[in-house]
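Peer 1: This is the content of target_5.cif (mmCIF, C-alpha atoms and all ligand atoms):
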```cif
data_model
#
loop_
_atom_site.group_PDB
_atom_site.id
_atom_site.type_symbol
_atom_site.label_atom_id
_atom_site.label_comp_id
_atom_site.auth_asym_id
_atom_site.auth_seq_id
_atom_site.Cartn_x
_atom_site.Cartn_y
_atom_site.Cartn_z
ATOM 1 C CA MET A 1 -41.039 -1.563 -7.114
ATOM 2 C CA GLY A 2 -42.433 -5.012 -7.812
ATOM 3 C CA GLN A 3 -42.470 -6.800 -11.131
ATOM 4 C CA PRO A 4 -44.909 -5.579 -13.804
ATOM 5 C CA LEU A 5 -48.253 -7.386 -13.889
ATOM 6 C CA GLY A 6 -48.200 -10.396 -16.184
ATOM 7 C CA TRP A 7 -51.653 -9.566 -17.539
ATOM 8 C CA GLY A 8 -53.746 -6.659 -18.845
ATOM 9 C CA ARG A 9 -52.427 -6.452 -22.374
ATOM 10 C CA ARG A 10 -55.519 -8.003 -23.927
ATOM 11 C CA GLN A 11 -58.802 -6.442 -22.920
ATOM 12 C CA LEU A 12 -62.372 -7.253 -23.888
ATOM 13 C CA MET A 13 -64.790 -4.310 -24.119
ATOM 14 C CA VAL A 14 -68.481 -4.045 -25.040
ATOM 15 C CA ARG A 15 -69.530 -1.183 -27.330
ATOM 16 C CA PRO A 16 -72.190 0.802 -25.411
ATOM 17 C CA ASP A 17 -74.920 0.907 -28.052
ATOM 18 C CA HIS A 18 -77.673 0.133 -25.536
ATOM 19 C CA PHE A 19 -76.410 1.565 -22.255
ATOM 20 C CA ARG A 20 -79.322 2.691 -20.056
ATOM 21 C CA ILE A 21 -80.333 2.601 -16.418
ATOM 22 C CA ASP A 22 -83.398 0.347 -16.548
ATOM 23 C CA TYR A 23 -83.202 -1.040 -12.997
ATOM 24 C CA VAL A 24 -81.355 -0.325 -9.755
ATOM 25 C CA ILE A 25 -78.941 -2.943 -8.364
ATOM 26 C CA ASN A 26 -76.328 -0.701 -6.731
ATOM 27 C CA PRO A 27 -76.374 2.636 -4.861
ATOM 28 C CA PHE A 28 -74.999 4.611 -7.828
ATOM 29 C CA MET A 29 -77.904 3.781 -10.143
ATOM 30 C CA SER A 30 -81.074 5.857 -10.581
ATOM 31 C CA THR A 31 -83.551 5.473 -13.433
ATOM 32 C CA GLN A 32 -84.031 9.276 -13.113
ATOM 33 C CA ASP A 33 -80.439 9.878 -14.224
ATOM 34 C CA GLN A 34 -79.931 8.451 -17.719
ATOM 35 C CA PRO A 35 -76.632 8.561 -19.638
ATOM 36 C CA ASP A 36 -76.267 10.783 -22.680
ATOM 37 C CA ALA A 37 -75.785 8.450 -25.668
ATOM 38 C CA GLU A 38 -73.332 10.608 -27.575
ATOM 39 C CA LEU A 39 -71.128 11.406 -24.574
ATOM 40 C CA THR A 40 -71.261 7.736 -23.542
ATOM 41 C CA MET A 41 -69.802 6.639 -26.876
ATOM 42 C CA LYS A 42 -67.159 9.385 -26.816
ATOM 43 C CA GLN A 43 -65.992 8.450 -23.322
ATOM 44 C CA TRP A 44 -65.938 4.733 -24.148
ATOM 45 C CA ASP A 45 -63.895 5.419 -27.247
ATOM 46 C CA SER A 46 -61.325 7.464 -25.331
ATOM 47 C CA LEU A 47 -60.902 4.576 -22.890
ATOM 48 C CA ARG A 48 -60.437 2.122 -25.754
ATOM 49 C CA GLN A 49 -57.901 4.458 -27.376
ATOM 50 C CA ALA A 50 -56.004 4.948 -24.098
ATOM 51 C CA ILE A 51 -55.571 1.166 -23.785
ATOM 52 C CA ILE A 52 -54.294 0.916 -27.355
ATOM 53 C CA ASP A 53 -51.947 3.889 -26.814
ATOM 54 C CA ALA A 54 -50.545 2.088 -23.754
ATOM 55 C CA GLY A 55 -49.690 -0.891 -25.929
ATOM 56 C CA GLY A 56 -52.781 -2.986 -25.163
ATOM 57 C CA GLU A 57 -55.009 -4.865 -27.536
ATOM 58 C CA VAL A 58 -58.809 -4.462 -27.382
ATOM 59 C CA ASP A 59 -61.379 -7.010 -28.532
ATOM 60 C CA VAL A 60 -64.809 -5.433 -29.001
ATOM 61 C CA LEU A 61 -68.054 -7.299 -28.432
ATOM 62 C CA ALA A 62 -71.452 -5.930 -29.548
ATOM 63 C CA GLN A 63 -73.939 -5.109 -26.794
ATOM 64 C CA ARG A 64 -77.204 -7.059 -26.508
ATOM 65 C CA PRO A 65 -80.139 -4.620 -26.757
ATOM 66 C CA ASP A 66 -81.797 -6.429 -23.810
ATOM 67 C CA SER A 67 -78.785 -6.055 -21.478
ATOM 68 C CA PRO A 68 -78.065 -2.415 -20.538
ATOM 69 C CA ASP A 69 -75.335 -3.336 -18.001
ATOM 70 C CA MET A 70 -73.412 -5.476 -20.473
ATOM 71 C CA VAL A 71 -71.048 -2.532 -21.071
ATOM 72 C CA TYR A 72 -69.403 -3.517 -17.780
ATOM 73 C CA ALA A 73 -67.408 -6.233 -19.517
ATOM 74 C CA MET A 74 -65.314 -6.992 -16.442
ATOM 75 C CA ASN A 75 -68.249 -9.053 -15.212
ATOM 76 C CA LEU A 76 -68.628 -11.275 -18.256
ATOM 77 C CA GLY A 77 -66.224 -13.968 -17.080
ATOM 78 C CA LEU A 78 -62.727 -14.699 -15.789
ATOM 79 C CA ALA A 79 -60.353 -15.729 -18.568
ATOM 80 C CA THR A 80 -56.765 -16.944 -18.628
ATOM 81 C CA SER A 81 -53.926 -16.577 -21.102
ATOM 82 C CA ASP A 82 -53.822 -20.359 -21.520
ATOM 83 C CA GLY A 83 -57.381 -20.454 -22.807
ATOM 84 C CA ARG A 84 -59.699 -21.137 -19.869
ATOM 85 C CA ALA A 85 -62.748 -19.092 -18.941
ATOM 86 C CA MET A 86 -65.124 -19.169 -15.958
ATOM 87 C CA LEU A 87 -68.378 -17.609 -17.048
ATOM 88 C CA SER A 88 -70.123 -15.281 -14.602
ATOM 89 C CA HIS A 89 -73.390 -16.399 -13.028
ATOM 90 C CA MET A 90 -74.841 -13.012 -12.197
ATOM 91 C CA ARG A 91 -76.497 -12.356 -8.856
ATOM 92 C CA PHE A 92 -79.321 -10.322 -10.412
ATOM 93 C CA GLU A 93 -81.636 -11.784 -13.045
ATOM 94 C CA PRO A 94 -81.610 -8.740 -15.408
ATOM 95 C CA ARG A 95 -77.885 -9.303 -16.063
ATOM 96 C CA ARG A 96 -78.055 -13.039 -16.749
ATOM 97 C CA LYS A 97 -78.673 -12.852 -20.498
ATOM 98 C CA GLU A 98 -75.231 -11.231 -20.861
ATOM 99 C CA SER A 99 -73.726 -14.654 -20.146
ATOM 100 C CA LEU A 100 -75.329 -16.149 -23.262
ATOM 101 C CA THR A 101 -73.395 -13.772 -25.504
ATOM 102 C CA ALA A 102 -70.254 -13.875 -23.345
ATOM 103 C CA GLY A 103 -70.244 -17.681 -23.422
ATOM 104 C CA ASP A 104 -70.444 -17.663 -27.214
ATOM 105 C CA TRP A 105 -67.587 -15.152 -27.356
ATOM 106 C CA PHE A 106 -65.300 -17.185 -25.101
ATOM 107 C CA VAL A 107 -66.007 -20.426 -26.967
ATOM 108 C CA GLY A 108 -65.654 -18.681 -30.340
ATOM 109 C CA HIS A 109 -62.246 -17.377 -29.259
ATOM 110 C CA GLY A 110 -60.967 -20.777 -28.230
ATOM 111 C CA PHE A 111 -61.514 -20.615 -24.449
ATOM 112 C CA GLU A 112 -62.522 -23.785 -22.627
ATOM 113 C CA LEU A 113 -65.661 -22.671 -20.811
ATOM 114 C CA ARG A 114 -66.708 -23.546 -17.247
ATOM 115 C CA ARG A 115 -69.431 -22.091 -15.031
ATOM 116 C CA THR A 116 -70.302 -22.064 -11.337
ATOM 117 C CA GLY A 117 -74.028 -22.142 -12.061
ATOM 118 C CA SER A 118 -76.689 -20.663 -14.306
ATOM 119 C CA ASP A 119 -80.231 -19.249 -14.192
ATOM 120 C CA GLY A 120 -80.042 -18.784 -10.443
ATOM 121 C CA VAL A 121 -79.077 -22.431 -9.794
ATOM 122 C CA GLY A 122 -75.630 -22.951 -8.245
ATOM 123 C CA PRO A 123 -73.337 -20.356 -6.662
ATOM 124 C CA HIS A 124 -73.224 -16.867 -8.106
ATOM 125 C CA PHE A 125 -69.922 -15.643 -9.450
ATOM 126 C CA GLU A 126 -69.274 -12.200 -10.949
ATOM 127 C CA SER A 127 -65.804 -11.851 -12.394
ATOM 128 C CA GLY A 128 -65.441 -8.211 -11.279
ATOM 129 C CA ASP A 129 -64.734 -9.947 -7.968
ATOM 130 C CA ALA A 130 -61.621 -11.827 -9.116
ATOM 131 C CA PHE A 131 -57.980 -10.892 -9.689
ATOM 132 C CA VAL A 132 -54.748 -12.832 -9.898
ATOM 133 C CA PHE A 133 -52.405 -11.384 -7.270
ATOM 134 C CA GLY A 134 -49.468 -12.778 -5.317
ATOM 135 C CA ASP A 135 -49.705 -16.540 -4.873
ATOM 136 C CA SER A 136 -53.410 -16.915 -5.595
ATOM 137 C CA LEU A 137 -56.619 -15.906 -7.264
ATOM 138 C CA VAL A 138 -58.083 -13.280 -4.926
ATOM 139 C CA VAL A 139 -61.886 -13.289 -4.929
ATOM 140 C CA GLY A 140 -64.273 -10.884 -3.204
ATOM 141 C CA TYR A 141 -67.531 -12.429 -2.003
ATOM 142 C CA GLY A 142 -70.722 -11.321 -0.324
ATOM 143 C CA PRO A 143 -72.692 -8.781 -2.328
ATOM 144 C CA ARG A 144 -72.423 -10.548 -5.696
ATOM 145 C CA THR A 145 -70.209 -13.659 -5.576
ATOM 146 C CA ASP A 146 -71.190 -16.473 -3.185
ATOM 147 C CA ALA A 147 -68.532 -18.016 -0.929
ATOM 148 C CA ASP A 148 -69.358 -21.410 -2.503
ATOM 149 C CA ALA A 149 -68.180 -20.153 -5.887
ATOM 150 C CA LEU A 150 -64.641 -19.924 -4.465
ATOM 151 C CA LYS A 151 -64.615 -23.691 -3.774
ATOM 152 C CA HIS A 152 -65.814 -24.225 -7.285
ATOM 153 C CA LEU A 153 -63.017 -22.102 -8.778
ATOM 154 C CA ALA A 154 -60.339 -23.782 -6.651
ATOM 155 C CA ALA A 155 -61.534 -27.297 -7.461
ATOM 156 C CA GLU A 156 -62.344 -26.770 -11.123
ATOM 157 C CA TRP A 157 -58.965 -25.231 -11.944
ATOM 158 C CA ASP A 158 -56.892 -26.755 -9.130
ATOM 159 C CA ILE A 159 -55.666 -23.336 -7.988
ATOM 160 C CA ARG A 160 -55.301 -21.550 -4.665
ATOM 161 C CA VAL A 161 -58.131 -19.085 -4.039
ATOM 162 C CA ARG A 162 -58.084 -16.461 -1.286
ATOM 163 C CA GLY A 163 -61.411 -14.940 -0.310
ATOM 164 C CA LEU A 164 -62.104 -11.447 0.996
ATOM 165 C CA ARG A 165 -65.557 -10.731 2.391
ATOM 166 C CA ILE A 166 -66.965 -7.441 1.092
ATOM 167 C CA ALA A 167 -69.085 -5.640 3.657
ATOM 168 C CA HIS A 168 -69.875 -2.264 2.089
ATOM 169 C CA GLU A 169 -72.946 -1.612 -0.025
ATOM 170 C CA GLY A 170 -71.165 0.882 -2.293
ATOM 171 C CA MET A 171 -68.251 -1.502 -2.989
ATOM 172 C CA TYR A 172 -70.182 -4.456 -4.422
ATOM 173 C CA HIS A 173 -67.352 -5.832 -6.562
ATOM 174 C CA LEU A 174 -63.709 -6.402 -5.612
ATOM 175 C CA ASP A 175 -62.606 -4.215 -8.531
ATOM 176 C CA LEU A 176 -63.894 -1.114 -6.705
ATOM 177 C CA PRO A 177 -61.720 -1.333 -3.525
ATOM 178 C CA PHE A 178 -58.803 -3.333 -4.981
ATOM 179 C CA CYS A 179 -56.596 -2.622 -7.990
ATOM 180 C CA PRO A 180 -53.344 -4.531 -8.565
ATOM 181 C CA ILE A 181 -50.568 -2.173 -9.757
ATOM 182 C CA ASP A 182 -47.567 -4.527 -9.930
ATOM 183 C CA SER A 183 -46.512 -7.725 -8.183
ATOM 184 C CA THR A 184 -46.361 -6.053 -4.754
ATOM 185 C CA HIS A 185 -48.398 -2.826 -4.982
ATOM 186 C CA ALA A 186 -52.167 -2.460 -5.132
ATOM 187 C CA LEU A 187 -54.640 0.354 -4.568
ATOM 188 C CA VAL A 188 -56.814 -0.717 -1.651
ATOM 189 C CA TYR A 189 -59.797 0.660 0.255
ATOM 190 C CA PRO A 190 -59.905 -1.354 3.504
ATOM 191 C CA PRO A 191 -63.341 -0.093 4.744
ATOM 192 C CA ALA A 192 -64.895 -2.136 1.921
ATOM 193 C CA PHE A 193 -64.130 -5.343 3.837
ATOM 194 C CA ASP A 194 -65.045 -6.868 7.178
ATOM 195 C CA ALA A 195 -62.392 -6.790 9.924
ATOM 196 C CA ALA A 196 -61.044 -10.301 9.299
ATOM 197 C CA SER A 197 -60.759 -9.624 5.577
ATOM 198 C CA GLN A 198 -58.977 -6.325 6.177
ATOM 199 C CA ALA A 199 -56.352 -8.285 8.106
ATOM 200 C CA GLU A 200 -56.184 -10.898 5.341
ATOM 201 C CA LEU A 201 -55.815 -8.136 2.723
ATOM 202 C CA ALA A 202 -52.834 -6.716 4.642
ATOM 203 C CA GLY A 203 -51.201 -10.138 4.326
ATOM 204 C CA ILE A 204 -51.962 -10.415 0.612
ATOM 205 C CA VAL A 205 -50.664 -6.986 -0.476
ATOM 206 C CA PRO A 206 -47.035 -6.276 0.551
ATOM 207 C CA ASP A 207 -47.169 -2.610 -0.517
ATOM 208 C CA PRO A 208 -50.719 -1.241 -0.202
ATOM 209 C CA ILE A 209 -51.605 2.228 -1.479
ATOM 210 C CA VAL A 210 -54.563 3.085 0.726
ATOM 211 C CA LEU A 211 -57.315 5.137 -0.896
ATOM 212 C CA THR A 212 -59.177 7.866 0.969
ATOM 213 C CA ASP A 213 -63.003 7.790 0.995
ATOM 214 C CA GLU A 214 -63.024 10.516 -1.597
ATOM 215 C CA GLU A 215 -60.599 8.699 -3.913
ATOM 216 C CA ALA A 216 -62.474 5.406 -3.565
ATOM 217 C CA PHE A 217 -65.846 6.960 -4.384
ATOM 218 C CA ALA A 218 -64.390 8.819 -7.373
ATOM 219 C CA PHE A 219 -63.661 5.276 -8.691
ATOM 220 C CA SER A 220 -59.868 5.671 -8.463
ATOM 221 C CA GLY A 221 -59.672 2.019 -7.415
ATOM 222 C CA ASN A 222 -61.438 1.059 -10.630
ATOM 223 C CA SER A 223 -58.424 1.782 -12.822
ATOM 224 C CA VAL A 224 -56.715 -0.214 -15.568
ATOM 225 C CA VAL A 225 -52.991 -0.947 -15.712
ATOM 226 C CA VAL A 226 -51.524 -1.679 -19.155
ATOM 227 C CA ASN A 227 -47.752 -2.045 -19.228
ATOM 228 C CA GLU A 228 -46.357 1.114 -17.541
ATOM 229 C CA THR A 229 -49.591 3.093 -17.897
ATOM 230 C CA ILE A 230 -52.418 3.399 -15.403
ATOM 231 C CA ILE A 231 -55.699 4.594 -16.920
ATOM 232 C CA MET A 232 -57.847 6.246 -14.271
ATOM 233 C CA PRO A 233 -61.221 8.018 -14.111
ATOM 234 C CA ALA A 234 -59.858 10.284 -11.335
ATOM 235 C CA CYS A 235 -56.547 10.812 -9.603
ATOM 236 C CA SER A 236 -55.845 13.109 -6.659
ATOM 237 C CA PRO A 237 -52.506 14.976 -6.639
ATOM 238 C CA ARG A 238 -51.408 12.771 -3.723
ATOM 239 C CA LEU A 239 -52.155 9.583 -5.636
ATOM 240 C CA ARG A 240 -50.524 10.889 -8.790
ATOM 241 C CA GLU A 241 -47.317 11.535 -6.901
ATOM 242 C CA ILE A 242 -47.282 7.998 -5.492
ATOM 243 C CA LEU A 243 -48.045 6.374 -8.850
ATOM 244 C CA THR A 244 -45.569 8.401 -10.888
ATOM 245 C CA GLY A 245 -43.017 7.672 -8.151
ATOM 246 C CA LEU A 246 -43.482 3.994 -9.012
ATOM 247 C CA GLY A 247 -42.622 4.779 -12.625
ATOM 248 C CA LEU A 248 -46.181 4.741 -13.944
ATOM 249 C CA ARG A 249 -47.657 7.111 -16.494
ATOM 250 C CA VAL A 250 -51.063 8.329 -15.287
ATOM 251 C CA VAL A 251 -53.695 8.820 -17.994
ATOM 252 C CA LEU A 252 -57.034 10.339 -17.009
ATOM 253 C CA VAL A 253 -60.190 9.444 -18.925
ATOM 254 C CA ASP A 254 -63.548 11.040 -18.135
ATOM 255 C CA LEU A 255 -66.093 8.232 -17.652
ATOM 256 C CA SER A 256 -68.864 10.208 -15.935
ATOM 257 C CA GLU A 257 -71.690 8.616 -17.953
ATOM 258 C CA PHE A 258 -70.660 5.128 -16.837
ATOM 259 C CA HIS A 259 -70.535 6.203 -13.198
ATOM 260 C CA LYS A 260 -74.324 6.495 -13.462
ATOM 261 C CA GLY A 261 -74.451 2.714 -13.721
ATOM 262 C CA GLY A 262 -71.919 2.239 -10.945
ATOM 263 C CA GLY A 263 -68.838 1.348 -12.954
ATOM 264 C CA SER A 264 -65.700 2.956 -14.365
ATOM 265 C CA ALA A 265 -62.517 2.082 -16.276
ATOM 266 C CA ARG A 266 -61.930 -1.368 -14.781
ATOM 267 C CA CYS A 267 -65.603 -2.373 -14.998
ATOM 268 C CA LEU A 268 -65.656 -1.483 -18.698
ATOM 269 C CA THR A 269 -62.699 -3.733 -19.519
ATOM 270 C CA ASN A 270 -62.012 -7.428 -18.988
ATOM 271 C CA PRO A 271 -58.388 -8.622 -19.041
ATOM 272 C CA VAL A 272 -58.720 -11.985 -20.791
ATOM 273 C CA ASP A 273 -55.046 -12.808 -20.270
ATOM 274 C CA PHE A 274 -54.723 -13.646 -16.569
ATOM 275 C CA ASP A 275 -51.741 -15.890 -15.945
ATOM 276 C CA LEU A 276 -53.413 -18.557 -13.845
ATOM 277 C CA THR A 277 -51.637 -21.778 -14.622
ATOM 278 C CA PRO A 278 -52.181 -24.303 -11.789
ATOM 279 C CA ALA A 279 -48.400 -24.767 -11.641
ATOM 280 C CA ALA A 280 -47.949 -21.127 -10.613
ATOM 281 C CA PHE A 281 -50.850 -21.208 -8.126
ATOM 282 C CA PRO A 282 -50.878 -24.731 -6.723
ATOM 283 C CA GLY A 283 -53.219 -25.802 -4.023
ATOM 284 C CA GLY A 284 -56.774 -26.338 -5.134
ATOM 285 C CA GLU A 285 -57.616 -24.888 -1.722
ATOM 286 C CA VAL A 286 -59.745 -21.997 -0.539
ATOM 287 C CA VAL A 287 -58.284 -19.712 2.121
ATOM 288 C CA LEU A 288 -60.986 -17.727 3.884
ATOM 289 C CA PRO A 289 -60.383 -14.962 6.427
ATOM 290 C CA THR A 290 -60.570 -16.166 10.000
ATOM 291 C CA ALA A 291 -62.100 -13.878 12.601
HETATM 292 N N1 LIG B 1 -74.610 -1.714 -12.886
HETATM 293 C C1 LIG B 1 -73.592 -2.714 -12.809
HETATM 294 C C2 LIG B 1 -73.939 -3.704 -11.714
HETATM 295 O O1 LIG B 1 -74.316 -3.272 -10.661
HETATM 296 C C3 LIG B 1 -72.263 -2.106 -12.539
HETATM 297 C C4 LIG B 1 -71.177 -3.106 -12.650
HETATM 298 C C5 LIG B 1 -69.856 -2.557 -12.284
HETATM 299 N N2 LIG B 1 -68.886 -3.468 -12.684
HETATM 300 C C6 LIG B 1 -67.815 -3.831 -11.958
HETATM 301 N N3 LIG B 1 -66.999 -4.671 -12.455
HETATM 302 N N4 LIG B 1 -67.652 -3.362 -10.747
HETATM 303 O O2 LIG B 1 -73.841 -4.899 -11.875
#
```
Any chance you could put this one into C-alpha cells?
Ligand code: ARG

Peer 2:
Amino acid sequence: MGQPLGWGRRQLMVRPDHFRIDYVINPFMSTQDQPDAELTMKQWDSLRQAIIDAGGEVDVLAQRPDSPDMVYAMNLGLATSDGRAMLSHMRFEPRRKESLTAGDWFVGHGFELRRTGSDGVGPHFESGDAFVFGDSLVVGYGPRTDADALKHLAAEWDIRVRGLRIAHEGMYHLDLPFCPIDSTHALVYPPAFDAASQAELAGIVPDPIVLTDEEAFAFSGNSVVVNETIIMPACSPRLREILTGLGLRVVLVDLSEFHKGGGSARCLTNPVDFDLTPAAFPGGEVVLPTA
C-alpha cells in the first residue's frame, strides 16, 4: 500500500440547474437522450453527500444557463493547495463561457490565475486531463489538451510535466482511463493511449490496477478518492475485492443521468487542493513518450 493521496479533500462542484445535451462533442452524447431534471439533481446530491460523508469539503458553484456541460467541474481549471490555478481553455467553443465564471470563482477564492490561452487562441488545456501523481504533473493530450499546453504548464509553474498521448475517441480526458488511488496505485485503462504512452504509463504507475473494457466504459476509472473512501459510479466484484484489499471503503453512487453527457463522479468534481509546489516537482521540463 502506498501513502494516501495528498489531495482530494476539497472539491468544487457545479449544481446542475441547467444540465442538457445541446450539442455532441463526445461519443456518449446524443441530443435525443436528455437527462431527467429531477433524477439529475438527486444523483448530484448523493455524490455531494458521499464526499462530505468521506470527510471531504464541497464548494458549490452555480451553473451558467448558457453552459450545459458546466456540471463537469473537473474541467474548469487545475488548482493547487498553495493557491494557484490554471484555467481551462476548452477545445470546443460551446464550453468556453464556463471559463468566465470559473475564472471569477478562482480569483474570488484567492487563487492566482494563469491560462494557456483563450477564445481559441493559444494551446487548449482541459483540466480533466491533469493529475498530480508520482514525481510530476501527469497530463493527457490529444483529443482535448494540446501538447503545447504541457510546455506552458511546466514553464509557468516551474514543475515537471509528463505527457501521455490519448488515442481513443471514447476516452477523451485523462480522468476516464486514469484514476490515482494512493501514491503507488492507480486505476488504468491502457488501450486509451498510444503504444509509447502505454509504456510511459507503466513507468509512471508502480502498482497499476488494469480496468477491463467493461469496467472502463462503465466509468469505473472516473472515480473520486477522499481519504480512505473511493466513490464510484460502478464497481465489478473483482475490482471491489482489489480496492477493499487496499483498505479502501467502496461507495457506489448512481450517476446515470450524467453518463448521457459523457462524464461521471470524477468529471463532476474538481479537487482544488493538488499539492504541486515546485519544490516537490522540480524540473520545469516536459517529458513526452518516445516511440
Ligand atoms: N460533455 C463533456 C465534454 O465532452 C463531458 C466532460 C467529461 N468530463 C471529464 N472530466 N472527463 O466536454

Peer 1: Kindly compile the residues surrounding ligand LIG 1 (chain B) within 7 Å, counting all atoms listed in the file, and format them as a ChimeraX atom specification.

Peer 2: /A:25-26,29,69,72,74-75,128,172-173,175-176,261-263,266-267

Peer 1: Identify all residues satisfying the PyMOL selection byres (((chain A and resi 12-24) around 9) and not hetatm) in the given file; provide them as a ChimeraX atom specification.

Peer 2: /A:10-11,25-35,37,40-41,44-45,48,57-74,94,258,260-261,268-272

Peer 1: Just how far from atom CA of Arg144 of chain A is atom CA of Gly8 of chain A, in Å to one decimal?

Peer 2: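 Straight-line distance from atom CA of Gly8 of chain A to atom CA of Arg144 of chain A works out to 23.2 Å.
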
Peer 1: Could you please determine the separation between atom CA of Arg96 of chain A and atom CA of Arg114 of chain A in Å, to one decimal place?

Peer 2: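 Value for the atom CA of Arg96 of chain A-atom CA of Arg114 of chain A distance: 15.5 Å.
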
Peer 1: Rounded to one decimal place, report the atom CA of Ala147 of chain A-atom CA of Ser99 of chain A distance in Å.

Peer 2: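 Going from atom CA of Ala147 of chain A over to atom CA of Ser99 of chain A covers 20.2 Å.
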
Peer 1: Do you have, as a tab-separated table, the list of residues of segment 150-209 of chain A lying at most 7 Å from segment 275-278 of chain A, each with its nearest atom pair and that distance in Å to one decimal, counting only C-alpha atoms and ordered by chain then number?

Peer 2:
```
residue	atom	partner	partner_atom	distance
A:Trp157	CA	A:Pro278	CA	6.8
A:Asp158	CA	A:Pro278	CA	5.9
A:Ile159	CA	A:Pro278	CA	5.2
```

Peer 1: Please build the interface table for segment 172-201 of chain A against segment 221-243 of chain A with a cut-off of 12 Å, listing for each qualifying residue the nearest atom pair and the distance in Å to one decimal; count all atoms listed in the file, order rows by chain and increasing number, and write it as JSON lines.

Peer 2:
```
{"residue": "A:His173", "atom": "CA", "partner": "A:Asn222", "partner_atom": "CA", "distance": 10.0}
{"residue": "A:Leu174", "atom": "CA", "partner": "A:Asn222", "partner_atom": "CA", "distance": 9.3}
{"residue": "A:Asp175", "atom": "CA", "partner": "A:Asn222", "partner_atom": "CA", "distance": 5.8}
{"residue": "A:Leu176", "atom": "CA", "partner": "A:Asn222", "partner_atom": "CA", "distance": 5.1}
{"residue": "A:Pro177", "atom": "CA", "partner": "A:Gly221", "partner_atom": "CA", "distance": 5.5}
{"residue": "A:Phe178", "atom": "CA", "partner": "A:Gly221", "partner_atom": "CA", "distance": 5.9}
{"residue": "A:Cys179", "atom": "CA", "partner": "A:Gly221", "partner_atom": "CA", "distance": 5.6}
{"residue": "A:Pro180", "atom": "CA", "partner": "A:Val225", "partner_atom": "CA", "distance": 8.0}
{"residue": "A:Ile181", "atom": "CA", "partner": "A:Val225", "partner_atom": "CA", "distance": 6.5}
{"residue": "A:Asp182", "atom": "CA", "partner": "A:Val225", "partner_atom": "CA", "distance": 8.7}
{"residue": "A:His185", "atom": "CA", "partner": "A:Leu243", "partner_atom": "CA", "distance": 10.0}
{"residue": "A:Ala186", "atom": "CA", "partner": "A:Gly221", "partner_atom": "CA", "distance": 9.0}
{"residue": "A:Leu187", "atom": "CA", "partner": "A:Gly221", "partner_atom": "CA", "distance": 6.0}
{"residue": "A:Val188", "atom": "CA", "partner": "A:Gly221", "partner_atom": "CA", "distance": 7.0}
{"residue": "A:Tyr189", "atom": "CA", "partner": "A:Gly221", "partner_atom": "CA", "distance": 7.8}
{"residue": "A:Pro190", "atom": "CA", "partner": "A:Gly221", "partner_atom": "CA", "distance": 11.4}
{"residue": "A:Ala192", "atom": "CA", "partner": "A:Gly221", "partner_atom": "CA", "distance": 11.5}
```

Peer 1: What would the file look like if the residues just selected were written as an mmCIF file, in the coordinates of the input with C-alpha atoms?

Peer 2:
```
data_model
loop_
_atom_site.group_PDB
_atom_site.id
_atom_site.type_symbol
_atom_site.label_atom_id
_atom_site.label_comp_id
_atom_site.auth_asym_id
_atom_site.auth_seq_id
_atom_site.Cartn_x
_atom_site.Cartn_y
_atom_site.Cartn_z
ATOM 1 C CA HIS A 173 -67.352 -5.832 -6.562
ATOM 2 C CA LEU A 174 -63.709 -6.402 -5.612
ATOM 3 C CA ASP A 175 -62.606 -4.215 -8.531
ATOM 4 C CA LEU A 176 -63.894 -1.114 -6.705
ATOM 5 C CA PRO A 177 -61.720 -1.333 -3.525
ATOM 6 C CA PHE A 178 -58.803 -3.333 -4.981
ATOM 7 C CA CYS A 179 -56.596 -2.622 -7.990
ATOM 8 C CA PRO A 180 -53.344 -4.531 -8.565
ATOM 9 C CA ILE A 181 -50.568 -2.173 -9.757
ATOM 10 C CA ASP A 182 -47.567 -4.527 -9.930
ATOM 11 C CA HIS A 185 -48.398 -2.826 -4.982
ATOM 12 C CA ALA A 186 -52.167 -2.460 -5.132
ATOM 13 C CA LEU A 187 -54.640 0.354 -4.568
ATOM 14 C CA VAL A 188 -56.814 -0.717 -1.651
ATOM 15 C CA TYR A 189 -59.797 0.660 0.255
ATOM 16 C CA PRO A 190 -59.905 -1.354 3.504
ATOM 17 C CA ALA A 192 -64.895 -2.136 1.921
#
```

Peer 1: Thr116 of chain A: which residues within 7 Å, counting all atoms listed in the file, same-chain residues fewer than 2 positions away excluded, as a PyMOL selection string?

Peer 2: chain A and resi 89+122-125+149+152

Peer 1: Rank nothing, just name the residue among A:Asp119, A:Glu200, A:Glu112, A:Glu38 nearest to Phe92 of chain A, using only C-alpha atoms.

Peer 2: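 Ranking A:Asp119, A:Glu200, A:Glu112, A:Glu38 by distance to Phe92 of chain A, first place goes to A:Asp119.
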
Peer 1: In terms of the shortest atom-to-atom distance over only C-alpha atoms, which of A:Val121, A:Gln43, A:Ala155, A:Pro191 is closest to Val210 of chain A?

Peer 2: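 Comparing A:Val121, A:Gln43, A:Ala155, A:Pro191 against Val210 of chain A, the winner is A:Pro191.
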
Peer 1: Go through segment 132-201 of chain A residue by residue and, counting only C-alpha atoms, keep those with an atom at most 12 Å from segment 80-84 of chain A; for each kept residue give the shortest atom pair and its distance in Å to one decimal, ordered by chain and increasing number, as CSV.

Peer 2:
```
residue,atom,partner,partner_atom,distance
A:Val132,CA,A:Thr80,CA,9.9
A:Leu137,CA,A:Thr80,CA,11.4
A:Leu153,CA,A:Arg84,CA,11.6
A:Glu156,CA,A:Arg84,CA,10.7
A:Trp157,CA,A:Arg84,CA,9.0
```

Peer 1: Using only C-alpha atoms, can you tell me which of A:Pro282, A:Gly117, A:Pro289, A:Gly6 comes closest to Ala202 of chain A?

Peer 2: A:Pro289
